[in-house]
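S.K.: Please see the structure below; I have some questions.
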Amino acid sequence: MAENETLECITEHERILQEIESTDTACVGPTLRSIYDDQPNAHKRFMEKLDARIRNHDREIEKMCNFHHQGFVDAITELLKVRTDAEKLMGQVTDTNRRLQEAGREVTAQTEEVIRCRIQQRNMATTVEKLQLCIPVLEMYSKLKEQLESRRYYAALKTMEQLEKIYIPRVSQYRFCQIMAENLPRLREEIKEISMSDLKDFLESIRKHSDKVGETAMRQAQQHRTFNSAVVKQVGVGHYTKPVYSLNGRTHTHTPNGLLIDDDTGDEEEADEEVLTAQDLVDFSPVYRCLHIYTVLGDRETFENYYRKQRKKQARLVLQPQANMHETVEGYRRYFNQIVGFFVVEDHILNATRGLVTRAFTDELWNMALSKIIAVLRTHSSYCDDPDLVLELKNLMVIFADTLQGYGFPVNRLFDLLFEVRDQYNETLLKKWALVFREIFELDNYSPIPVDTEEEYKLVVSRFPFHDAEIEKQQDFPKKLPMSQSVPQIYTQVKEFIYASLKFSESLHRSSTEIDDMLRKSTNLLLTRTLSSCLQNLIKKPHIGLTELVQIIINTTHLEQACRYLEEFITNITNVSPETVHTTRLYGLSTFKDARHAAEGEIYTKLNQKIDEFIQLADYEWGMAESDGRASGYLMDLINFLRSTFQVFTHLPNNNNDHASMSGKVAQTACMSACKHLSTSLMQMLLDTELKQISMGAIQQFNLDVIQCELFASSEPVPGFQGDTLQLAFIDLRQLLDLFMVWDWSTYLADYGQPTSKYLRVNPATALALLEKMKDTSKKNNIFSQFRKNDRDKQKLIETVVKQLRSLVNGMSS
């Protein structure tokens, strides 16, 4: 075992020594550390082994030195011999080199000069060659600068394109070309910014000039419309030629066969008149230039979107009206001019550029604008209360529509709006004429028109279609026409209203039938609403008395007769026969009939009110012993008033049978109504619950008053009553008074309920109420009547009659 361990240790030491000999000195440390990590005292054995190895190498080195020592000595000896020759050779070489350097110095100088010249020549040729490539680039760049300074941006962009694609690539290695190439995008952006600035200036310019452009276009449209109307009238052709307004300074007209005829025929007069167009008023070059620039830069879509967006904003601004636009026609004119100018410019841009704006875009703009325009006009026209202003607005709308129609924009909705404006115009006319009618009625004296001369008569007849055979037969003047001064004035004003309404229908491209229908409908509104309302208000006014009401009846009768002349007047204006199907008729007949009926009713009402005023003056002494022997004063005054009042009815028109029967009917109805109201009022006076006692003397006095009423009724205050028809109004009073005056109770009670009864009109309740008032009087005035047999018998009779009357009343109620 010890031997084996010794062998292993020797083998390991050999391996370590070989590793130390073969490895770098810096890596010996780990190897040596392994010696100490093995068995104890191993390093001693390793040191012994190391010393043995060193001694072995020393013996080998010594052997080697001994073997090569003689050769080394011989080499040193030979080297010493060569050193002397080498020193001599070095001297010779040095001298030869010196001489050679001195001899070649001039050649070297000339050679260097030749080399330098050759280099310069080569550099010059290269420079010329490169300059020939650079000069066109510089020339193009200089040209670019000049174009930019002269604001020829489109040409500048073309130059930039040539520089980038052709010239700069040839000399791209030079710094200045790199600087140029770097500047070109910046120059493009500058051009875009400058052109965009020009576009903004252009947009601002057209915003300012839209008013003038629109004014010019609308004036041309109006001139063409006037010219076409004149041509149609001269030639007598019913075709409507539609004007087409171009922006190239020439105007064309569509003929019926579809051809285009130039209007500038070469006449000297027309040549003298220069027609302004949008190009004369607005410089369109900025938008063309900007469009081309953005197209070249490949950013056309951005430009188109920006332009359309800005124009939409401008459209909204143009369509925004001023708050007080409705106050003057100039406000509407400026509004229309701006809108027309805007769309004239858009039409020019549409036709002059390719795709900057499209027909779809302009149609979208127009539809948006049309809705806004209609809303604005509908709102502002509703504020207008002046028919003249509404009429001028209509004329502006027609020219506005014709102008835009000439540029191809649909305007049907505008003409539909005109019908709404027409209704507004009619409303303003109706309000205006309501004031006119009220003023006429206020200034009328409600008395027949006096005419002192034939000229005055003809003047009245010329203003109003009055025909009366009896008055015309009268040769002598003065004469009196039955109607008052307001009648011819009203008739004239109705005709003026028709003329005013007709003005709105002009230039609307409507047929005569439609115009006739519009005139008749508006005239019907005037008669049935405005004039009728004025008449109704007039009749209800407190200061209008019976005389005025009678005159109003006369006036409405004559106005009713004049309605057919108004229809003829409208027919003559429109040349539309009244027999045409669907022709509207005038409703003036019903208007004047209603007014006449209202006046008649007001007559009856005022007459009854006057009777009530007289009745209130009655002052009966209900406890008088005997009557005064004459009728009461208030009643005589009342009868005299009624007589004078019914005399007024003789002025009612009776120039024909219809009017005579009408006037008689009104007078008879008024007279009958007055008598019935008087009879009812007197009856109520007797039966008043506040009246507790009535003496026989008061009954006798009351009877005298009723007798006067009967005498008035029998005197035929109004002709036409048959027999004692009017007296029957007082029959209830008469029978009641006769019953009490005669004291015929036995007959009354015996015949009660019989058709042939003498006191058929006496109601038991009425007789009972009056009898009880007399019964109370008998008790109080005859204190000692119970001591006289006659008085006692009378009192018993009254009580008996009262009981029987009560039984009759109870029987009626049950």
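Chain labels run A, B, ... following the order of the structure tokens; each chain numbers its residues from 1, and ligands are numbered from 1 in the order shown.
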Need the shell around region 740-755 of chain A: protein/DNA/RNA residues with any atom at most 12 Å away, counting only C-alpha atoms. Skip same-chain ones fewer than 2 positions apart. Format as an MDAnalysis selection string?

M.R.: chainID A and resid 694:704 733:738 757:764 766:768 770:771 774 794 797:809 812

S.K.: Hey, what's within 8 Å of Lys773 (chain A) if we count only C-alpha atoms and toss same-chain stuff fewer than 5 positions away? As a PyMOL selection string, please?

M.R.: chain A and resi 691-694

S.K.: Could you dump the residues just selected with N, CA and C atoms as a CSV table (one decimal), in the first residue's frame?

M.R.:
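The resulting selection15.csv:
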chain,number,residue,atom,x,y,z
A,691,LEU,N,-145.9,98.0,-6.3
A,691,LEU,CA,-147.1,98.8,-6.2
A,691,LEU,C,-148.2,98.0,-5.4
A,692,LYS,N,-148.5,98.5,-4.2
A,692,LYS,CA,-149.4,97.8,-3.3
A,692,LYS,C,-150.9,98.2,-3.4
A,693,GLN,N,-151.2,99.4,-3.8
A,693,GLN,CA,-152.5,99.9,-3.8
A,693,GLN,C,-152.8,100.7,-5.1
A,694,ILE,N,-154.0,100.5,-5.6
A,694,ILE,CA,-154.4,101.2,-6.8
A,694,ILE,C,-155.9,101.6,-6.6

S.K.: Quick one: distance from CA of Ile191 (chain A) to CA of Tyr153 (chain A) in Å, one decimal?

M.R.: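 Separation between CA of Ile191 (chain A) and CA of Tyr153 (chain A): 6.5 Å.
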
S.K.: Would you list the contacts of Thr725 (chain A) as an mmCIF file with N, CA and C atoms, in the first residue's frame, taking every protein, DNA or RNA residue within 10 Å and counting only C-alpha atoms, but skipping same-chain residues closer than 6 positions in sequence?

M.R.:
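result_39.cif written:
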data_model
loop_
_atom_site.group_PDB
_atom_site.id
_atom_site.type_symbol
_atom_site.label_atom_id
_atom_site.label_comp_id
_atom_site.auth_asym_id
_atom_site.auth_seq_id
_atom_site.Cartn_x
_atom_site.Cartn_y
_atom_site.Cartn_z
ATOM 1 N N MET A 672 -145.141 97.803 -34.988
ATOM 2 C CA MET A 672 -145.763 96.750 -34.205
ATOM 3 C C MET A 672 -144.933 96.430 -32.965
ATOM 4 N N ALA A 713 -152.609 103.931 -32.489
ATOM 5 C CA ALA A 713 -152.577 102.726 -33.309
ATOM 6 C C ALA A 713 -153.597 102.779 -34.426
ATOM 7 N N SER A 714 -154.756 103.377 -34.141
ATOM 8 C CA SER A 714 -155.807 103.447 -35.166
ATOM 9 C C SER A 714 -155.559 104.541 -36.187
#

S.K.: So how far away is CA of Tyr604 (chain A) from CA of Ala670 (chain A), in Å?

M.R.: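 CA of Tyr604 (chain A) lies 5.6 Å from CA of Ala670 (chain A).
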